[in-house]
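Engineer: Here's a structure for you.
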Amino acid sequence: ETGVTQTPRHLVMGMTNKKSLKCEQHLGHNAMYWYKQSAKKPLELMFVYNFKEQTENNSVPSRFSPECPNSSHLFLHLHTLQPEDSALYLCASSQVTGDVATNEKLFFGSGTQLSVL
Amino acid sequence: DAKTTQPTSMDCAEGRAANLPCNHSTISGNEYVYWYRQIHSQGPQYIIHGLKNKETNEMASLIITEDRKSSTLILPHATLRDTAVYYCIVRVRYNTDKLIFGTGTRLQVFP
């Protein structure tokens with residue numbers, strides 16, 4: 001148990017559906033991230049939130065819409081996806097302090113395995 | 001962040017030490033070496049990080065060469081549960097916005 005919980009664990013959706021992925025962290029962290037992992041490809045950073053503000057959008061298509069209502073919750077809203085969007089979507093959190101003594105490591109959830117039909 | 005090069009795959013017998021190499025010849029003075037691993041169908045897990053010389057924790061040891069152009073992650077007594085993809089990442093300590101993963105090394109521990 002990493003302290004980062006993602007739901008649902010698996011999701012199958014059609015190209016015209018709208019769905020949302022949810023991530024919750026119980027670690028008191030102030031930064032949250034969405035990563036995408038397609039089959040046989042490295043993890044790709046999608047979005048970064050620091051203190052609820054989006055600080056990174058790594059050229060992600062607008063059919064993916066993130067939302068961070070507070071520092072403990074992160075959502076990824078999905079609409080009109082394509083089959084090539086099928087992948088494992090991973091959420092992570094970290095504590096950004098700027099303190100040299102702090103290990104600024106990322107804690108990942110188990111991911112949502114998404115299949116787009 | 002500096003680019004890293006790792007072997008695609010490695011095998012290790014259970015109980016033996018697993019030594020995973022990583023080349024990072026373009027590393028700059030303020031960049032740290034981080035290691036994560038990803039067990040099948042799970043999110044990556046932090047293992048260890050360091051700036052120079054040697055670091056050790058309960059999971060592993062990290063040895064960085066004197067010129068800092070390469071490093072080795074050592075799992076002293078590999079178990080079957082250590083079978084995973086291991087990622088070596090080089091990044092600036094406070095650049096937490098961008099943890100860039102490569103393709104990693106797939107370590108297979110066999111009985």
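The chains in the structure tokens are called A, B, ... from first to last as shown; in each chain the residues are counted from 1, and the ligands are counted from 1 in the order shown.
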Residues near stretch 102-117 of chain A, anyone? I mean within 7 Å using only C-alpha atoms, not counting same-chain ones fewer than 6 positions away, as a ChimeraX atom specification.

Structural biologist: /A:2,4-15,81-83,85-96 /B:42-46

Engineer: Give me, as a VMD selection string, all polymer residues having an atom no more than 9 Å from B:His24, counting only C-alpha atoms and skipping those fewer than 3 positions away in the same chain.

Structural biologist: chain B and resid 2 to 5 27 33 68 to 71 89 to 90

Engineer: Any chance you can output those residues with C-alpha atoms as a tab-separated table (two decimals), in the first residue's frame?

Structural biologist:
chain	number	residue	atom	x	y	z
B	2	ALA	CA	20.60	13.75	-18.61
B	3	LYS	CA	19.80	10.69	-20.69
B	4	THR	CA	20.46	7.20	-19.33
B	5	THR	CA	21.30	3.91	-21.03
B	27	ILE	CA	25.23	13.93	-16.25
B	33	VAL	CA	20.74	9.39	-9.93
B	68	ARG	CA	29.70	10.04	-12.17
B	69	LYS	CA	29.21	8.82	-15.75
B	70	SER	CA	27.82	5.47	-14.66
B	71	SER	CA	26.25	3.74	-11.69
B	89	ILE	CA	16.69	8.27	-13.90
B	90	VAL	CA	18.97	11.28	-13.72

Engineer: Chain B near chain A within 12 Å: what's each residue's closest atom pair and its distance in Å to one decimal, counting only C-alpha atoms, ordered by chain then ascending residue number, as JSON lines?

Structural biologist:
{"residue": "B:Thr8", "atom": "CA", "partner": "A:Lys40", "partner_atom": "CA", "distance": 11.9}
{"residue": "B:Tyr32", "atom": "CA", "partner": "A:Asn103", "partner_atom": "CA", "distance": 11.4}
{"residue": "B:Val33", "atom": "CA", "partner": "A:Lys105", "partner_atom": "CA", "distance": 11.9}
{"residue": "B:Tyr34", "atom": "CA", "partner": "A:Lys105", "partner_atom": "CA", "distance": 8.9}
{"residue": "B:Trp35", "atom": "CA", "partner": "A:Lys105", "partner_atom": "CA", "distance": 10.1}
{"residue": "B:Tyr36", "atom": "CA", "partner": "A:Leu106", "partner_atom": "CA", "distance": 9.4}
{"residue": "B:Arg37", "atom": "CA", "partner": "A:Phe108", "partner_atom": "CA", "distance": 11.0}
{"residue": "B:Gln38", "atom": "CA", "partner": "A:Phe108", "partner_atom": "CA", "distance": 10.0}
{"residue": "B:Ile39", "atom": "CA", "partner": "A:Ser110", "partner_atom": "CA", "distance": 10.1}
{"residue": "B:His40", "atom": "CA", "partner": "A:Ser110", "partner_atom": "CA", "distance": 10.0}
{"residue": "B:Ser41", "atom": "CA", "partner": "A:Ser110", "partner_atom": "CA", "distance": 7.2}
{"residue": "B:Gln42", "atom": "CA", "partner": "A:Ser110", "partner_atom": "CA", "distance": 4.7}
{"residue": "B:Gly43", "atom": "CA", "partner": "A:Ser110", "partner_atom": "CA", "distance": 4.7}
{"residue": "B:Pro44", "atom": "CA", "partner": "A:Phe108", "partner_atom": "CA", "distance": 6.1}
{"residue": "B:Gln45", "atom": "CA", "partner": "A:Phe107", "partner_atom": "CA", "distance": 6.8}
{"residue": "B:Tyr46", "atom": "CA", "partner": "A:Lys105", "partner_atom": "CA", "distance": 6.6}
{"residue": "B:Ile47", "atom": "CA", "partner": "A:Lys105", "partner_atom": "CA", "distance": 9.2}
{"residue": "B:Ile48", "atom": "CA", "partner": "A:Lys105", "partner_atom": "CA", "distance": 9.1}
{"residue": "B:His49", "atom": "CA", "partner": "A:Asn103", "partner_atom": "CA", "distance": 8.6}
{"residue": "B:Gly50", "atom": "CA", "partner": "A:Asn103", "partner_atom": "CA", "distance": 10.2}
{"residue": "B:Val85", "atom": "CA", "partner": "A:Pro42", "partner_atom": "CA", "distance": 10.7}
{"residue": "B:Tyr86", "atom": "CA", "partner": "A:Pro42", "partner_atom": "CA", "distance": 11.6}
{"residue": "B:Tyr87", "atom": "CA", "partner": "A:Pro42", "partner_atom": "CA", "distance": 9.8}
{"residue": "B:Ile89", "atom": "CA", "partner": "A:Lys105", "partner_atom": "CA", "distance": 11.8}
{"residue": "B:Arg91", "atom": "CA", "partner": "A:Glu104", "partner_atom": "CA", "distance": 11.4}
{"residue": "B:Val92", "atom": "CA", "partner": "A:Glu104", "partner_atom": "CA", "distance": 10.9}
{"residue": "B:Arg93", "atom": "CA", "partner": "A:Glu104", "partner_atom": "CA", "distance": 7.9}
{"residue": "B:Tyr94", "atom": "CA", "partner": "A:Gly98", "partner_atom": "CA", "distance": 6.3}
{"residue": "B:Asn95", "atom": "CA", "partner": "A:Val96", "partner_atom": "CA", "distance": 9.4}
{"residue": "B:Thr96", "atom": "CA", "partner": "A:Val96", "partner_atom": "CA", "distance": 7.2}
{"residue": "B:Asp97", "atom": "CA", "partner": "A:Val48", "partner_atom": "CA", "distance": 6.4}
{"residue": "B:Lys98", "atom": "CA", "partner": "A:Leu45", "partner_atom": "CA", "distance": 7.4}
{"residue": "B:Leu99", "atom": "CA", "partner": "A:Leu45", "partner_atom": "CA", "distance": 7.6}
{"residue": "B:Ile100", "atom": "CA", "partner": "A:Leu45", "partner_atom": "CA", "distance": 7.2}
{"residue": "B:Phe101", "atom": "CA", "partner": "A:Leu43", "partner_atom": "CA", "distance": 5.8}
{"residue": "B:Gly102", "atom": "CA", "partner": "A:Pro42", "partner_atom": "CA", "distance": 5.5}
{"residue": "B:Thr103", "atom": "CA", "partner": "A:Pro42", "partner_atom": "CA", "distance": 5.2}
{"residue": "B:Gly104", "atom": "CA", "partner": "A:Pro42", "partner_atom": "CA", "distance": 8.2}
{"residue": "B:Thr105", "atom": "CA", "partner": "A:Pro42", "partner_atom": "CA", "distance": 11.4}
{"residue": "B:Arg106", "atom": "CA", "partner": "A:Lys40", "partner_atom": "CA", "distance": 11.7}

Engineer: Select from chain A everything DSSP, run on the backbone, classes as strand (DSSP E), then give the selection as number ranges by chain.

Structural biologist: A: 4-7, 10-13, 18-25, 31-37, 44-50, 53-57, 64-70, 73-79, 87-94, 107-108, 112-116

Engineer: Could you check how far atom CA of A:Lys52 sits from atom CA of A:His77, in Å to one decimal?

Structural biologist: 16.1 Å

Engineer: Identify which of the residues A:Lys36, A:His29, A:Lys22, A:Arg63 lies closest to A:Phe75, counting only C-alpha atoms when measuring atom-to-atom distances.

Structural biologist: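 Answer, going by the shortest atom-to-atom distance: A:Lys22.
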
Engineer: Mind checking which residues fall within 7 Å of B:Leu80, counting only C-alpha atoms, ignoring those fewer than 3 positions away in the same chain, and posting them as a list in words?

Structural biologist: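 Non-adjacent residues within range: Glu14, Thr83, Val109 and Phe110 of chain B.
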
Engineer: Atom CA of A:Thr80 and atom CA of A:Thr16 are how many Å apart?

Structural biologist: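 Taking atom CA of A:Thr80 as the start and atom CA of A:Thr16 as the end point, the length is 4.9 Å.
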
Engineer: Have a look at atom CA of B:Leu107 and atom CA of B:Ser9 and let me know their distance in Å, one decimal.

Structural biologist: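 Between these atoms lies a distance of 5.8 Å.
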